[in-house]
Every structure is written in structure tokens, then in C-alpha cells.
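These notes are about the structure you will find just below.
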Amino acid sequence: MRRRLLVVLVPLAVLLVAALGMPHSVTLAEREMQETYVDRLGDVGRFASLAETALSTGRTEALQRELERYHELYGIPAAVIDTSGTVLLGPARAYREAAGAEPALPRIVTAALAGTRSEPSGEWAPWDGSALVVAEPVGRDSEVVGAVVTISDLSRTRSRVLLQWARLAGLGLLPLIALVAVAWPVSAWVLRPVRELDAASSRISQGDLTIRADAEAGPVELRRLAGSFNTMMDAVENAVQRQRAFVSDASHQLRNPLTSLRLAVESLEPHLAGGGRPVYEVAVDEVKAMQRLLNSLQASARMESIRTASPVELDAVLATRVDRWRALTGTAGQTLTVNVPGGLRLLEPTGGLGSILDELVSNALRLSEARVVEVSARTGPGGVASGARTGSGGVESGARTGSGDVVIISVRDDGQGIDVAERAQALRRFWRSPRHQNVPGTGLGLAICADLVGAAGGELRLEDGLPRPDGSGHGFAAVVTLPVAPPD
């Protein structure tokens, strides 16, 4: 942002300096040209006066020597010509060589022979290579008998003009350097609170509600903004803490009454008679479901209170889980396949990646009636947005994984699956498919997993699973995407 600010300010300053400096540069060039012209005009005026006397008396030797001396001293060919353009006095050879390179000379000489004094050209510039031609008539009015012409090389004048322009450009750079020298620290002072607010917002979006902006640095307006931001975050953090505390306290306080209720209900078993046992079993199942719900709520409140991600080796996580998963699938007559390359290192969510995979594998075993459950992993590019729909009808939940590499872990089965229309609801808390109402569960597992994965900068996506053995469609797949852990 600081560079963008300077990109705006510096061109404006350059335009301002150019707007002030260019007229001054033109004035300097015109002044040098005018001084040179006036000097040459004085010379030709003097020579014209001497030539008129010399030509009228016939004594031209002194003037010839003076014209040659003038050429030797200044390198400027000066000649007296008659009305036909023939050189009468002066260095004739040098004059002719210089005259041949000046296309404007005939016009200026013609004007001088007509009795008109030449004027300086207003189109001259330092990069123009033409010489300065000045002509003065010898005689007055109808008695003009010739003209004195000088052809001056302007290389020295050009050098002086360019030197003055270089000095002017150097002076023009001083305010630009001063602007950058002042704007750089000032912009840093102004934008520092903005960068800190941006960093704080980024940390908060990752779940860290304890971050606050510095309300003591920067301009008054930004300090006031930072103070309002901190006040807002205090209110948000307090509200979230109260919500989590309520869920935790409520589930904890209800645990003892539910335990007492379960003991009371189970104590009725010896006294059952006739058709009372079905009602008794329903009551015990409901109490157990309530206890599972309270346990899930308490676990959710405990895990959501810590919103950080830590690096972990996927091989180490699977090493503690795969044997247990194989035992469960073997007991249920199912097959588990694991296809995970070694060396994958990623950021695991709060509560551990293992608990999330346990939940996903448990859902595949309990709810899908699958024969095969497959756990696989691979790396891929990040950048999938939260809440977007996949091409296969999948639904995502979580944060944008960013532009870096990610690890994609898939738990697929060839069981019943769920309809595309139900996948968006499956990530909501307490939602359960109508087909699973009689299967033990709370409807919180996938929702909590999605929240934890999202807090770690990843996403949980629901897709089609493995093809069913009878070819009637696909099973269910839960795909977890987590950022690759940075190197140590």
C-alpha cells in the first residue's frame, strides 16, 4: 500500500516540477540565444559601418585584416558581399563552406540587401544543428551596396544551454527526493495501523478472537478506528465465550440429572410386567441418546475454545488408527483399504486429525451399509472457496485453503450414500437423514468436523463415493482438505 501511495504522489510531483521547470528552461534557452544574437548583431553593425567607409574610399586592407583576425579568433566567418552575393572582403573560402550548409542564408542575405536587418529565429532549440546567420546591410535605403554576413556555430551556446538545463533538472530532483524522503516514513506511520488491522482481521478469521489492534499508533482517525475495532472484538469474544460457557455448563449440569434418571429407569426393569418392556427399552434408549448429545455438546464447546492448527505427520496419525479401523470393519464383515503415500505433512485441526478421521470412518461403517471403505490421500493445489459447489454435486464447508499446496484426505464407501439435496443439510448441527433415525447418533459429528477443519484453514467436502457393487450409483465420500504444513 505504501508503494501504491508513492506511485500516486511521485508522478503528481514530477508533473508539478515539469510544469514549473519547462517554462523556465525555455526562458533560459531564449536568453542565451538572445545574448548570442545581440553579440553578433553588434559585430556585424560595426563591420557594416567600417565596410561602408572602406568601400567608399577604396581603402579595404585594414578591414580585410580585421575580418580575417575575427575569424581566426572566434572561428566565425564574417564577410562583406556585394549585391550579387560575391565575397568582397573577409575569409572567402571559410565563408563559402559555412554558407553551403545553411539553407536559410539566401533568404537572410536577400532581406539584408533589401535594407532589412535580420531577426533571430524563434524556432531555435539546443538540439537544432543549424548555425546563426546574421546579416547587416552596408549603406542605407536605396544606397545599399552590399551586406556584412556572419555565420556563427552555436555549439558553445548549445553546451551552455544544456548545462543550465542539467542544473535545473538537478534542482528539480531535490523536491522529488525530499518528497520521497518525507512520504516514505509518513506513509509508513499512517499505514502501520491499517496493516495491523489487516493482520488482526486475518488472525481473527482463523478463529483467534484474542487478537487486538494497536490503538495508540498512527493518525487520530485510525486510532479511533482501531479502538472501535477492539471494542467490537471485545463484544464478539464475550458473546462467544458466554455461548460456549452456556453450552458447556448446561451439558455439565444436565449430566447428573440424566444419570440419575437413567438409574431410576433401569431400576424399574425387575418390576416390569406384561407389555411394559418395549416402553422401558424406548425410555432407556432415549436417555442414552440424551447422554450422547450432552457429551457431544460438551466436546464441541471444549474443542471450539481452542482455534489453532499444528503440524502433524499423516503417517503418524494413521499408525494409531488403522489397526482399530480394520478391527471394526472385520467385525462388521466389511473391507478397509488405505491408500496414503508416505511423507505427507499437514496442519491438523484442534482436537487432532485422528478424531476427525475416526468420525468419518465411523459414519461410513454405521450409516452407509457399505462393503468397502477406502481411505486415501494426495496433495493438490489450494484455492477452493468456502461454500462453493463441486462439479460432482458435492458441497463444501470451511475456509478458503489459499493459493498454497494442500493435502486432500478422502474417506469413501460403496454404501447407500445420501442424496445431493441432503448434502448441504448434512453439515448442519443436529441434522440426521430420515433413513438413520433409528441408528444411534446425535447429528453433530459432521458439523463439528466441518467447523474444526474450517478453523484450521481447510474444508470438509461431501461428494459421491465408490461405485456400488450392483451398479445402481455411488456411495458416500467425505473429503477433508488441509493446508500443507510449512517447513520447520
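We label chains A, B, ... in the order they appear in the C-alpha cells, count residues from 1 in each chain, and number ligands from 1 in the order shown.
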
Pull the helix (DSSP H, G or I) assignments for range 87-299 of chain A out of DSSP run on the backbone, and list those residues as number ranges by chain. A: 92-100, 105-113, 141-143, 155-205, 220-266, 269-271, 276-299

Show me, as a VMD selection string, the residues that have an atom within 10 Å of range 146-150 of chain A when counting only C-alpha atoms, minus same-chain residues fewer than 5 positions from it. chain A and resid 40 to 41 43 to 49 51 to 52 55 71 76 to 90 95 98 to 99 105 108 to 115 117 131 to 139

Could you write out, as an NGL selection string, all the residues of range 155-315 of chain A that DSSP marks as strand (DSSP E)? :A and (310-313)

Would you kindly return, as a ChimeraX atom specification, each protein, DNA or RNA residue with an atom no farther than 9 Å from any atom of Ala18 in chain A, considering only C-alpha atoms and excluding same-chain residues fewer than 5 positions away? /A:13,23,172

Set the distance at 7 Å and use only C-alpha atoms: which residues neighbour range 356-368 of chain A once local chain neighbours fewer than 4 positions away are removed? I'd like the list as number ranges by chain. A: 373, 411, 413, 415-417, 436, 445, 449, 478

Neighbour list for Arg326 in chain A as number ranges by chain, cut-off 10 Å, only C-alpha atoms, skip fewer than 6 positions in-chain: A: 332, 334-338, 373

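If you measure from each of A:Asp414, A:Gly352, A:Thr231, A:Ala264 to Pro469 in chain A using only C-alpha atoms, the closest one turns out to be A:Asp414.
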
Can you pull out every residue within 8 Å of Asn339 in chain A, counting only C-alpha atoms, but drop anything in the same chain fewer than 5 positions away, and send it as a VMD selection string? chain A and resid 374 to 377
